[in-house]
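Okay, structure first, notes after.
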Amino acid sequence: MRAHTDEGTPSPEDRQAPPGPRTAPVWAAPALASLLARVAVTRAEVGDRFPLYAEPDTGTWRTTARGTWTGGFWAGLLWLRARYTGDAADRAAARACTARLTDWTEADTATRGLIFWYGTALADDDLGLRDRAARACLDAFAPELGLVPWGSAFGGPRLMARVDGVPGMVPLLATADAEAAHSHLRRHVDLCLGARPPRWSWRHDPGAGWTACADPPSGWSRGPAWLLLALAEATPLTGGDEFSDHVDTLLTKHLVPPADSTHSGGPRDTSAAAITALALLGLGHRDRAVAMLEALVDSHLTADGRLLHGCYDLATGTAVRHELIWGNFFLAYSLAALTGLTAVGPVAGPQ
């Protein structure tokens, strides 16, 4: 990982890379190997708990007992390592972690898309959780709203639409009801991109309709990244190309964007770049995806496989320059696609 350039000098995140070859870049395989070696180290540290974010100086993880909305990313990383090594012990660890997600199938949250799609997309045994979660989400679908509500699992109003409740939910719902999946995405696209500037969270009040919320802010880095990922997930579905005109709207000029675009001098968010890179691979924008991944590997990935400079929550000052479990996951998934370990794109499913 190179040191950052001085203020005012174009950094790797702000430069356009030339189109790359169709073969995997030479840096992709070593970077993937380091990330998956980090998975083994993390597994030994956290045991049966779920890693959330790690301190940039020590690499020590903050963990949760049940996995919260990020539990599927840890399961996904374990499955990716099992696929990489072919080791029975790695597969057993991935399967055990996936089983610990079971309670989330009936939880009232649209983040079940993130938990169960990405927790099982690379699995060779999803324990039937994907189908159970898909049916439960379809049961929660509100036809009058045109979506699966954000839900009450994390507190606050239940009848909300948040952009982080879209990725994963689109392909998950599509396994049970393709029209519900399209409706869920369409409603979020209309809400988020129908406002100027875009707004990433909306509250529904009976009789009053939808009202934009201030949190997360309009400049939030993961807002466009999450929605772009959902567009990529919809593309292979019948009629999914109806959303293609929104792709350019969601792209940033930065290879690694600021955590809040209205505070360009603040911290970057490598996790947003990793999410966007996987989305771009799924959309067929390989050159742009490779440029983003090279910026991450070159300037933000440590030799021991830690993707630093992810920003969890800038407003509260929570983990603003840290290693984030979802940042590691999306970087590893993208590199696995580049190197041929798995199919390109976020809708590959089990191989």
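Here's how to read the names in the structure tokens: chain A, B, ... by the order shown, residue numbers from 1 in each chain, ligand numbers from 1 in the order shown.
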**Which of region 32-220 of chain A fall in alpha helix (DSSP H), as a PyMOL selection string** = chain A and resi 32-46+71-85+88-99+112-120+129-140+169-174+178-193
Each residue of region 251-308 of chain A with at least one atom at most 7 Å from region 224-239 of chain A should appear once, together with its nearest atom pair and the corresponding distance in Å (one decimal); atoms considered: only C-alpha atoms; ordering: chain, then increasing residue number; output as a Markdown table.
| residue | atom | partner | partner_atom | distance |
| --- | --- | --- | --- | --- |
| A:Ala272 | CA | A:Ala225 | CA | 5.8 |
| A:Ile275 | CA | A:Ala225 | CA | 6.0 |
| A:Thr276 | CA | A:Ala225 | CA | 5.1 |
| A:Ala279 | CA | A:Leu229 | CA | 4.5 |
| A:Gly282 | CA | A:Ala232 | CA | 5.4 |
| A:Leu283 | CA | A:Ala232 | CA | 5.4 |
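The list of residues with at least one atom within 8 Å of Asp260 (chain A), based on only C-alpha atoms and without residues fewer than 4 positions apart in the same chain, reads Pro217, Gly219, Trp220, Ser221, Ser264, Gly266 and Leu314 of chain A.
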**Message:** Neighbouring residues of region 102-105 of chain A were defined as those with any atom within 9 Å, considering only C-alpha atoms; residues of the same chain fewer than 4 positions away were excluded. Please report them as JSON, numbers by chain.
**Reply:** {"A": [66, 68, 98, 109, 112, 115, 116, 129, 130, 132, 133, 134, 136, 137]}
**Asked** For the atom pair CA of Cys192 (chain A) and CA of His285 (chain A), what is the interatomic distance in Å to one decimal place?
**Response**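 It comes out at 22.8 Å.
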**Request:** For Ala212 (chain A), list every protein, DNA or RNA residue within 10 Å, evaluated using only C-alpha atoms, and leave out those in the same chain fewer than 4 positions away; present the list as JSON, numbers by chain.
**Result:** {"A": [160, 161, 191, 192, 195, 198, 199, 200, 201, 202, 203, 204]}
**Message:** When you look at Val189 (chain A) with a cut-off of 9 Å (counting only C-alpha atoms), what residues show up, excluding the ones that are within fewer than 3 positions of it in the same chain? I need them as a count of residues only.
**Reply:** 10
**Prompt:** At what distance in Å, to one decimal, does CA of Leu77 (chain A) lie from CA of Asp57 (chain A)?
**Reply:** 22.2 Å
If we count only C-alpha atoms and set the cut-off at 12 Å, which residues sit around region 296-301 of chain A, ignoring sequence neighbours fewer than 4 positions away in its own chain? Please answer as a CSV table (one decimal) with all heavy atoms, in the first residue's frame.
chain,number,residue,atom,x,y,z
A,1,MET,N,0.9,-1.2,0.0
A,1,MET,CA,0.0,0.0,0.0
A,1,MET,C,0.9,1.2,0.0
A,1,MET,O,1.7,1.4,0.9
A,1,MET,CB,-0.9,0.0,1.2
A,1,MET,CG,-1.9,1.2,1.3
A,1,MET,SD,-3.0,1.1,2.7
A,1,MET,CE,-1.9,1.4,4.1
A,2,ARG,N,0.7,2.0,-1.0
A,2,ARG,CA,1.5,3.3,-1.1
A,2,ARG,C,1.0,4.3,-0.2
A,2,ARG,O,-0.2,4.4,0.2
A,2,ARG,CB,1.5,3.8,-2.5
A,2,ARG,CG,2.3,3.0,-3.5
A,2,ARG,CD,2.8,3.9,-4.6
A,2,ARG,NE,1.7,4.6,-5.2
A,2,ARG,CZ,1.1,4.3,-6.4
A,2,ARG,NH1,1.5,3.3,-7.0
A,2,ARG,NH2,0.1,5.1,-6.8
A,3,ALA,N,1.9,5.2,0.2
A,3,ALA,CA,1.5,6.4,1.0
A,3,ALA,C,0.6,7.3,0.2
A,3,ALA,O,0.7,7.3,-1.1
A,3,ALA,CB,2.7,7.2,1.5
A,4,HIS,N,-0.3,8.0,0.8
A,4,HIS,CA,-1.2,8.9,0.1
A,4,HIS,C,-0.4,10.1,-0.5
A,4,HIS,O,0.6,10.5,0.1
A,4,HIS,CB,-2.3,9.4,1.0
A,4,HIS,CG,-3.3,8.4,1.4
A,4,HIS,ND1,-4.2,7.8,0.5
A,4,HIS,CD2,-3.5,7.8,2.5
A,4,HIS,CE1,-4.9,6.9,1.1
A,4,HIS,NE2,-4.5,6.9,2.3
A,5,THR,N,-0.9,10.6,-1.6
A,5,THR,CA,-0.2,11.7,-2.2
A,5,THR,C,-0.6,13.0,-1.4
A,5,THR,O,-1.5,13.0,-0.7
A,5,THR,CB,-0.7,11.9,-3.7
A,5,THR,OG1,-2.1,12.0,-3.7
A,5,THR,CG2,-0.3,10.8,-4.5
A,11,SER,N,-4.4,12.0,-6.8
A,11,SER,CA,-4.2,10.7,-6.2
A,11,SER,C,-4.7,9.6,-7.1
A,11,SER,O,-5.4,9.8,-8.1
A,11,SER,CB,-4.9,10.6,-4.8
A,11,SER,OG,-6.3,10.5,-5.0
A,12,PRO,N,-4.3,8.3,-6.8
A,12,PRO,CA,-4.8,7.2,-7.7
A,12,PRO,C,-6.3,7.2,-7.7
A,12,PRO,O,-6.9,6.7,-8.7
A,12,PRO,CB,-4.2,6.0,-7.0
A,12,PRO,CG,-3.0,6.5,-6.3
A,12,PRO,CD,-3.3,7.8,-5.8
A,13,GLU,N,-7.0,7.6,-6.6
A,13,GLU,CA,-8.4,7.6,-6.6
A,13,GLU,C,-9.1,8.6,-7.6
A,13,GLU,O,-10.2,8.4,-8.0
A,13,GLU,CB,-9.0,7.9,-5.2
A,13,GLU,CG,-8.6,6.9,-4.1
A,13,GLU,CD,-7.3,7.2,-3.5
A,13,GLU,OE1,-6.5,7.9,-4.1
A,13,GLU,OE2,-7.1,6.8,-2.4
A,14,ASP,N,-8.3,9.6,-8.0
A,14,ASP,CA,-8.9,10.7,-8.8
A,14,ASP,C,-8.4,10.6,-10.3
A,14,ASP,O,-8.8,11.4,-11.1
A,14,ASP,CB,-8.5,12.0,-8.2
A,14,ASP,CG,-9.2,12.3,-6.9
A,14,ASP,OD1,-10.4,11.9,-6.7
A,14,ASP,OD2,-8.5,12.8,-6.0
A,25,PRO,N,-5.7,-8.7,-14.2
A,25,PRO,CA,-4.5,-7.9,-14.0
A,25,PRO,C,-3.5,-8.7,-13.0
A,25,PRO,O,-4.0,-9.5,-12.2
A,25,PRO,CB,-5.0,-6.6,-13.3
A,25,PRO,CG,-6.5,-6.6,-13.7
A,25,PRO,CD,-6.9,-8.0,-13.8
A,26,VAL,N,-2.2,-8.4,-13.2
A,26,VAL,CA,-1.2,-9.2,-12.4
A,26,VAL,C,-1.4,-9.0,-10.9
A,26,VAL,O,-1.0,-9.9,-10.1
A,26,VAL,CB,0.2,-8.8,-12.8
A,26,VAL,CG1,0.4,-9.2,-14.3
A,26,VAL,CG2,0.5,-7.3,-12.6
A,27,TRP,N,-2.0,-7.9,-10.5
A,27,TRP,CA,-2.1,-7.6,-9.0
A,27,TRP,C,-3.3,-8.3,-8.4
A,27,TRP,O,-3.5,-8.3,-7.2
A,27,TRP,CB,-2.2,-6.1,-8.8
A,27,TRP,CG,-3.0,-5.3,-9.7
A,27,TRP,CD1,-2.6,-4.7,-10.9
A,27,TRP,CD2,-4.5,-5.2,-9.7
A,27,TRP,NE1,-3.7,-4.1,-11.5
A,27,TRP,CE2,-4.9,-4.4,-10.8
A,27,TRP,CE3,-5.4,-5.7,-8.8
A,27,TRP,CZ2,-6.2,-4.1,-11.1
A,27,TRP,CZ3,-6.8,-5.3,-9.1
A,27,TRP,CH2,-7.1,-4.6,-10.2
A,28,ALA,N,-4.2,-8.8,-9.2
A,28,ALA,CA,-5.5,-9.3,-8.7
A,28,ALA,C,-5.4,-10.5,-7.9
A,28,ALA,O,-5.9,-10.6,-6.8
A,28,ALA,CB,-6.5,-9.5,-9.9
A,29,ALA,N,-4.6,-11.5,-8.4
A,29,ALA,CA,-4.5,-12.8,-7.6
A,29,ALA,C,-3.8,-12.6,-6.3
A,29,ALA,O,-4.3,-13.1,-5.3
A,29,ALA,CB,-3.8,-13.8,-8.5
A,30,PRO,N,-2.7,-11.9,-6.2
A,30,PRO,CA,-2.0,-11.7,-4.9
A,30,PRO,C,-2.9,-10.9,-3.9
A,30,PRO,O,-2.9,-11.2,-2.7
A,30,PRO,CB,-0.7,-10.9,-5.2
A,30,PRO,CG,-0.5,-11.2,-6.7
A,30,PRO,CD,-1.8,-11.4,-7.3
A,31,ALA,N,-3.7,-10.0,-4.4
A,31,ALA,CA,-4.6,-9.2,-3.6
A,31,ALA,C,-5.6,-10.1,-3.0
A,31,ALA,O,-6.0,-10.0,-1.8
A,31,ALA,CB,-5.2,-8.0,-4.3
A,32,LEU,N,-6.2,-10.9,-3.9
A,32,LEU,CA,-7.3,-11.9,-3.4
A,32,LEU,C,-6.7,-12.8,-2.4
A,32,LEU,O,-7.3,-13.1,-1.3
A,32,LEU,CB,-7.8,-12.6,-4.6
A,32,LEU,CG,-8.9,-13.7,-4.2
A,32,LEU,CD1,-10.1,-13.1,-3.6
A,32,LEU,CD2,-9.3,-14.4,-5.5
A,33,ALA,N,-5.5,-13.3,-2.6
A,33,ALA,CA,-4.9,-14.2,-1.7
A,33,ALA,C,-4.7,-13.6,-0.3
A,33,ALA,O,-4.9,-14.2,0.8
A,33,ALA,CB,-3.5,-14.7,-2.2
A,34,SER,N,-4.3,-12.3,-0.3
A,34,SER,CA,-4.1,-11.7,1.0
A,34,SER,C,-5.4,-11.4,1.7
A,34,SER,O,-5.5,-11.6,3.0
A,34,SER,CB,-3.3,-10.3,0.8
A,34,SER,OG,-4.2,-9.4,0.1
A,35,LEU,N,-6.4,-11.1,1.0
A,35,LEU,CA,-7.8,-10.9,1.6
A,35,LEU,C,-8.3,-12.2,2.2
A,35,LEU,O,-8.8,-12.2,3.3
A,35,LEU,CB,-8.8,-10.4,0.6
A,35,LEU,CG,-8.7,-8.9,0.2
A,35,LEU,CD1,-9.3,-8.7,-1.1
A,35,LEU,CD2,-9.4,-8.1,1.3
A,38,ARG,N,-6.5,-13.1,5.3
A,38,ARG,CA,-7.0,-12.3,6.4
A,38,ARG,C,-8.3,-13.0,7.0
A,38,ARG,O,-8.6,-12.9,8.2
A,38,ARG,CB,-7.3,-10.9,5.9
A,38,ARG,CG,-8.1,-10.0,6.9
A,38,ARG,CD,-7.3,-9.7,8.1
A,38,ARG,NE,-7.9,-8.6,8.9
A,38,ARG,CZ,-7.7,-8.3,10.2
A,38,ARG,NH1,-6.8,-9.1,10.8
A,38,ARG,NH2,-8.3,-7.3,10.8
A,56,PRO,N,-7.8,0.5,12.5
A,56,PRO,CA,-6.8,0.5,11.4
A,56,PRO,C,-5.4,0.3,11.9
A,56,PRO,O,-4.5,-0.2,11.1
A,56,PRO,CB,-7.0,1.9,10.8
A,56,PRO,CG,-7.6,2.7,11.9
A,56,PRO,CD,-8.5,1.8,12.7
A,254,HIS,N,-14.9,10.0,-8.9
A,254,HIS,CA,-13.8,9.5,-8.1
A,254,HIS,C,-13.7,8.0,-8.2
A,254,HIS,O,-14.7,7.3,-8.3
A,254,HIS,CB,-14.0,9.8,-6.6
A,254,HIS,CG,-14.1,11.3,-6.3
A,254,HIS,ND1,-13.0,12.1,-6.3
A,254,HIS,CD2,-15.2,12.0,-6.1
A,254,HIS,CE1,-13.4,13.3,-6.0
A,254,HIS,NE2,-14.7,13.3,-5.9
A,255,LEU,N,-12.5,7.4,-8.2
A,255,LEU,CA,-12.3,6.0,-8.2
A,255,LEU,C,-12.6,5.5,-6.7
A,255,LEU,O,-13.2,4.4,-6.5
A,255,LEU,CB,-10.9,5.6,-8.6
A,255,LEU,CG,-10.6,5.8,-10.1
A,255,LEU,CD1,-9.2,5.3,-10.4
A,255,LEU,CD2,-11.6,5.1,-11.0
A,256,VAL,N,-12.2,6.3,-5.7
A,256,VAL,CA,-12.6,6.0,-4.3
A,256,VAL,C,-13.2,7.3,-3.8
A,256,VAL,O,-12.6,8.3,-3.6
A,256,VAL,CB,-11.4,5.6,-3.5
A,256,VAL,CG1,-11.8,5.4,-2.0
A,256,VAL,CG2,-10.7,4.4,-4.1
A,257,PRO,N,-14.5,7.3,-3.6
A,257,PRO,CA,-15.3,8.5,-3.4
A,257,PRO,C,-15.1,9.0,-1.9
A,257,PRO,O,-14.8,8.2,-1.0
A,257,PRO,CB,-16.7,8.1,-3.6
A,257,PRO,CG,-16.8,6.7,-3.2
A,257,PRO,CD,-15.4,6.1,-3.7
A,268,ARG,N,-12.3,9.2,2.8
A,268,ARG,CA,-12.8,8.5,1.7
A,268,ARG,C,-13.6,7.3,2.2
A,268,ARG,O,-13.6,7.0,3.4
A,268,ARG,CB,-11.7,7.9,0.8
A,268,ARG,CG,-10.7,9.0,0.3
A,268,ARG,CD,-11.1,9.5,-1.1
A,268,ARG,NE,-10.2,10.5,-1.6
A,268,ARG,CZ,-10.2,11.0,-2.8
A,268,ARG,NH1,-11.2,10.5,-3.7
A,268,ARG,NH2,-9.4,11.9,-3.2
A,269,ASP,N,-14.3,6.6,1.3
A,269,ASP,CA,-15.0,5.4,1.7
A,269,ASP,C,-14.6,4.3,0.7
A,269,ASP,O,-15.2,4.2,-0.3
A,269,ASP,CB,-16.5,5.6,1.8
A,269,ASP,CG,-17.2,4.3,2.3
A,269,ASP,OD1,-16.6,3.4,2.7
A,269,ASP,OD2,-18.5,4.3,2.2
A,270,THR,N,-13.7,3.5,1.1
A,270,THR,CA,-13.2,2.4,0.2
A,270,THR,C,-14.3,1.3,0.1
A,270,THR,O,-14.4,0.7,-1.0
A,270,THR,CB,-12.0,1.7,0.8
A,270,THR,OG1,-12.2,1.3,2.1
A,270,THR,CG2,-10.8,2.6,0.7
A,271,SER,N,-15.2,1.2,1.1
A,271,SER,CA,-16.3,0.2,0.9
A,271,SER,C,-17.2,0.6,-0.2
A,271,SER,O,-17.7,-0.3,-0.9
A,271,SER,CB,-17.0,0.0,2.2
A,271,SER,OG,-17.9,1.1,2.5
A,272,ALA,N,-17.5,1.9,-0.4
A,272,ALA,CA,-18.4,2.3,-1.5
A,272,ALA,C,-17.7,2.0,-2.8
A,272,ALA,O,-18.4,1.6,-3.8
A,272,ALA,CB,-18.7,3.8,-1.3
A,273,ALA,N,-16.4,2.2,-2.9
A,273,ALA,CA,-15.7,1.9,-4.2
A,273,ALA,C,-15.8,0.4,-4.5
A,273,ALA,O,-16.0,0.0,-5.6
A,273,ALA,CB,-14.3,2.3,-4.1
A,274,ALA,N,-15.6,-0.5,-3.4
A,274,ALA,CA,-15.7,-1.9,-3.6
A,274,ALA,C,-17.1,-2.4,-4.1
A,274,ALA,O,-17.2,-3.2,-5.0
A,274,ALA,CB,-15.3,-2.6,-2.4
A,275,ILE,N,-18.1,-1.8,-3.5
A,275,ILE,CA,-19.5,-2.1,-3.9
A,275,ILE,C,-19.7,-1.7,-5.3
A,275,ILE,O,-20.3,-2.5,-6.1
A,275,ILE,CB,-20.5,-1.4,-3.0
A,275,ILE,CG1,-20.4,-1.9,-1.5
A,275,ILE,CG2,-21.9,-1.5,-3.5
A,275,ILE,CD1,-21.1,-1.0,-0.5
A,276,THR,N,-19.3,-0.5,-5.7
A,276,THR,CA,-19.5,0.0,-7.0
A,276,THR,C,-18.7,-0.8,-8.0
A,276,THR,O,-19.2,-1.1,-9.1
A,276,THR,CB,-19.0,1.5,-7.1
A,276,THR,OG1,-19.7,2.3,-6.2
A,276,THR,CG2,-19.1,2.0,-8.5
A,277,ALA,N,-17.5,-1.3,-7.7
A,277,ALA,CA,-16.7,-2.1,-8.6
A,277,ALA,C,-17.5,-3.4,-9.0
A,277,ALA,O,-17.5,-3.8,-10.1
A,277,ALA,CB,-15.4,-2.4,-8.0
A,289,ALA,N,-14.4,-0.7,-13.6
A,289,ALA,CA,-14.3,-1.5,-12.4
A,289,ALA,C,-12.9,-1.9,-12.1
A,289,ALA,O,-12.4,-1.8,-10.9
A,289,ALA,CB,-15.1,-2.8,-12.6
A,290,VAL,N,-12.1,-2.2,-13.1
A,290,VAL,CA,-10.7,-2.6,-12.9
A,290,VAL,C,-9.9,-1.4,-12.4
A,290,VAL,O,-9.1,-1.5,-11.5
A,290,VAL,CB,-10.1,-3.1,-14.2
A,290,VAL,CG1,-8.6,-3.2,-14.1
A,290,VAL,CG2,-10.6,-4.5,-14.5
A,291,ALA,N,-10.2,-0.2,-12.9
A,291,ALA,CA,-9.5,1.0,-12.4
A,291,ALA,C,-9.8,1.3,-11.0
A,291,ALA,O,-8.9,1.6,-10.2
A,291,ALA,CB,-10.0,2.2,-13.3
A,292,MET,N,-11.1,1.1,-10.5
A,292,MET,CA,-11.4,1.2,-9.1
A,292,MET,C,-10.7,0.2,-8.3
A,292,MET,O,-10.2,0.5,-7.2
A,292,MET,CB,-12.9,1.1,-9.0
A,292,MET,CG,-13.7,2.2,-9.7
A,292,MET,SD,-15.5,2.1,-9.4
A,292,MET,CE,-15.5,3.1,-7.9
A,305,GLY,N,-3.8,-8.1,4.0
A,305,GLY,CA,-5.2,-8.3,3.5
A,305,GLY,C,-6.3,-7.4,4.2
A,305,GLY,O,-7.4,-7.8,4.2
A,306,ARG,N,-5.9,-6.3,4.7
A,306,ARG,CA,-6.9,-5.4,5.3
A,306,ARG,C,-7.2,-4.2,4.4
A,306,ARG,O,-6.3,-3.4,4.1
A,306,ARG,CB,-6.4,-4.9,6.7
A,306,ARG,CG,-6.2,-6.0,7.7
A,306,ARG,CD,-5.7,-5.5,9.1
A,306,ARG,NE,-4.4,-4.9,9.0
A,306,ARG,CZ,-4.0,-3.7,9.4
A,306,ARG,NH1,-4.9,-3.0,10.1
A,306,ARG,NH2,-2.8,-3.3,9.3
A,307,LEU,N,-8.5,-4.1,4.0
A,307,LEU,CA,-8.9,-2.9,3.2
A,307,LEU,C,-9.2,-1.8,4.2
A,307,LEU,O,-10.2,-1.8,4.8
A,307,LEU,CB,-10.1,-3.3,2.4
A,307,LEU,CG,-10.6,-2.1,1.5
A,307,LEU,CD1,-9.5,-1.6,0.5
A,307,LEU,CD2,-11.9,-2.5,0.8
A,308,LEU,N,-8.3,-0.8,4.3
A,308,LEU,CA,-8.5,0.3,5.2
A,308,LEU,C,-9.2,1.4,4.5
A,308,LEU,O,-9.6,1.4,3.4
A,308,LEU,CB,-7.1,0.8,5.7
A,308,LEU,CG,-6.2,-0.3,6.3
A,308,LEU,CD1,-4.9,0.4,6.8
A,308,LEU,CD2,-6.9,-0.9,7.5
A,309,HIS,N,-9.5,2.5,5.3
A,309,HIS,CA,-10.1,3.7,4.9
A,309,HIS,C,-11.6,3.5,4.4
A,309,HIS,O,-12.0,4.2,3.5
A,309,HIS,CB,-9.3,4.4,3.8
A,309,HIS,CG,-7.8,4.5,4.2
A,309,HIS,ND1,-6.8,4.0,3.4
A,309,HIS,CD2,-7.2,5.0,5.3
A,309,HIS,CE1,-5.7,4.2,4.0
A,309,HIS,NE2,-5.9,4.8,5.1
A,310,GLY,N,-12.3,2.6,5.1
A,310,GLY,CA,-13.7,2.5,4.9
A,310,GLY,C,-14.4,3.4,6.0
A,310,GLY,O,-13.9,3.5,7.1
A,321,ARG,N,-12.2,5.5,9.3
A,321,ARG,CA,-11.1,5.2,8.5
A,321,ARG,C,-10.7,3.7,8.7
A,321,ARG,O,-9.5,3.4,8.8
A,321,ARG,CB,-9.9,6.1,8.7
A,321,ARG,CG,-10.1,7.6,8.2
A,321,ARG,CD,-9.0,8.5,8.5
A,321,ARG,NE,-9.1,9.8,8.0
A,321,ARG,CZ,-9.8,10.8,8.6
A,321,ARG,NH1,-10.4,10.6,9.8
A,321,ARG,NH2,-9.9,12.0,8.0
A,322,HIS,N,-11.6,2.9,8.8
A,322,HIS,CA,-11.4,1.5,9.3
A,322,HIS,C,-11.5,0.4,8.2
A,322,HIS,O,-11.9,0.7,7.1
A,322,HIS,CB,-12.4,1.2,10.4
A,322,HIS,CG,-12.2,2.0,11.7
A,322,HIS,ND1,-12.0,3.4,11.7
A,322,HIS,CD2,-12.0,1.5,13.0
A,322,HIS,CE1,-11.8,3.7,13.0
A,322,HIS,NE2,-11.8,2.6,13.7
A,323,GLU,N,-11.2,-0.8,8.6
A,323,GLU,CA,-11.5,-2.0,7.9
A,323,GLU,C,-12.9,-2.4,8.1
A,323,GLU,O,-13.3,-2.6,9.3
A,323,GLU,CB,-10.5,-3.1,8.3
A,323,GLU,CG,-10.7,-4.4,7.6
A,323,GLU,CD,-9.8,-5.5,8.1
A,323,GLU,OE1,-9.1,-5.3,9.2
A,323,GLU,OE2,-9.7,-6.6,7.5
A,324,LEU,N,-13.7,-2.5,7.1
A,324,LEU,CA,-15.1,-2.8,7.3
A,324,LEU,C,-15.4,-4.2,6.6
A,324,LEU,O,-14.9,-4.5,5.6
A,324,LEU,CB,-16.0,-1.8,6.6
A,324,LEU,CG,-15.7,-0.3,7.0
A,324,LEU,CD1,-16.6,0.6,6.1
A,324,LEU,CD2,-16.0,-0.1,8.4
A,327,GLY,N,-16.6,-4.0,3.1
A,327,GLY,CA,-15.6,-3.6,2.2
A,327,GLY,C,-14.7,-4.7,1.8
A,327,GLY,O,-14.4,-4.9,0.6
A,328,ASN,N,-14.2,-5.5,2.8
A,328,ASN,CA,-13.4,-6.7,2.4
A,328,ASN,C,-14.2,-7.7,1.5
A,328,ASN,O,-13.7,-8.2,0.6
A,328,ASN,CB,-13.1,-7.4,3.7
A,328,ASN,CG,-12.0,-6.7,4.5
A,328,ASN,OD1,-11.6,-5.6,4.2
A,328,ASN,ND2,-11.5,-7.3,5.6
A,330,PHE,N,-16.8,-7.2,-0.6
A,330,PHE,CA,-17.0,-6.7,-2.0
A,330,PHE,C,-15.7,-6.6,-2.8
A,330,PHE,O,-15.7,-6.9,-4.0
A,330,PHE,CB,-17.8,-5.4,-2.0
A,330,PHE,CG,-19.3,-5.6,-1.8
A,330,PHE,CD1,-19.8,-5.2,-0.6
A,330,PHE,CD2,-20.1,-6.3,-2.7
A,330,PHE,CE1,-21.2,-5.4,-0.3
A,330,PHE,CE2,-21.4,-6.5,-2.4
A,330,PHE,CZ,-22.0,-6.1,-1.2
A,331,LEU,N,-14.6,-6.3,-2.1
A,331,LEU,CA,-13.3,-6.3,-2.8
A,331,LEU,C,-13.0,-7.7,-3.2
A,331,LEU,O,-12.5,-8.0,-4.3
A,331,LEU,CB,-12.3,-5.7,-2.0
A,331,LEU,CG,-10.9,-5.7,-2.6
A,331,LEU,CD1,-10.8,-5.0,-3.9
A,331,LEU,CD2,-9.9,-5.0,-1.6
A,332,ALA,N,-13.1,-8.7,-2.2
A,332,ALA,CA,-12.7,-10.1,-2.5
A,332,ALA,C,-13.6,-10.6,-3.6
A,332,ALA,O,-13.1,-11.4,-4.4
A,332,ALA,CB,-12.9,-10.9,-1.2
A,334,SER,N,-15.1,-9.1,-6.0
A,334,SER,CA,-14.7,-8.5,-7.3
A,334,SER,C,-13.5,-9.1,-7.8
A,334,SER,O,-13.3,-9.5,-9.0
A,334,SER,CB,-14.6,-7.0,-7.2
A,334,SER,OG,-15.8,-6.4,-6.8
A,335,LEU,N,-12.5,-9.3,-6.9
A,335,LEU,CA,-11.2,-9.9,-7.4
A,335,LEU,C,-11.4,-11.4,-7.7
A,335,LEU,O,-10.8,-11.9,-8.7
A,335,LEU,CB,-10.2,-9.8,-6.3
A,335,LEU,CG,-9.7,-8.4,-5.9
A,335,LEU,CD1,-8.8,-8.3,-4.7
A,335,LEU,CD2,-9.0,-7.7,-7.1
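DSSP secondary structure from the backbone places Ala142, Leu147, Met160, Ala161 and Arg162 of chain A of region 75-195 of chain A in strand (DSSP E or B).
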**Message:** I need the residue nearest Gly240 (chain A) from this list: A:Val170, A:Ala303, A:Ala94, A:Cys213. Use only C-alpha atoms for the distance.
**Reply:**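 Ranking A:Val170, A:Ala303, A:Ala94, A:Cys213 by distance to Gly240 (chain A), first place goes to A:Val170.
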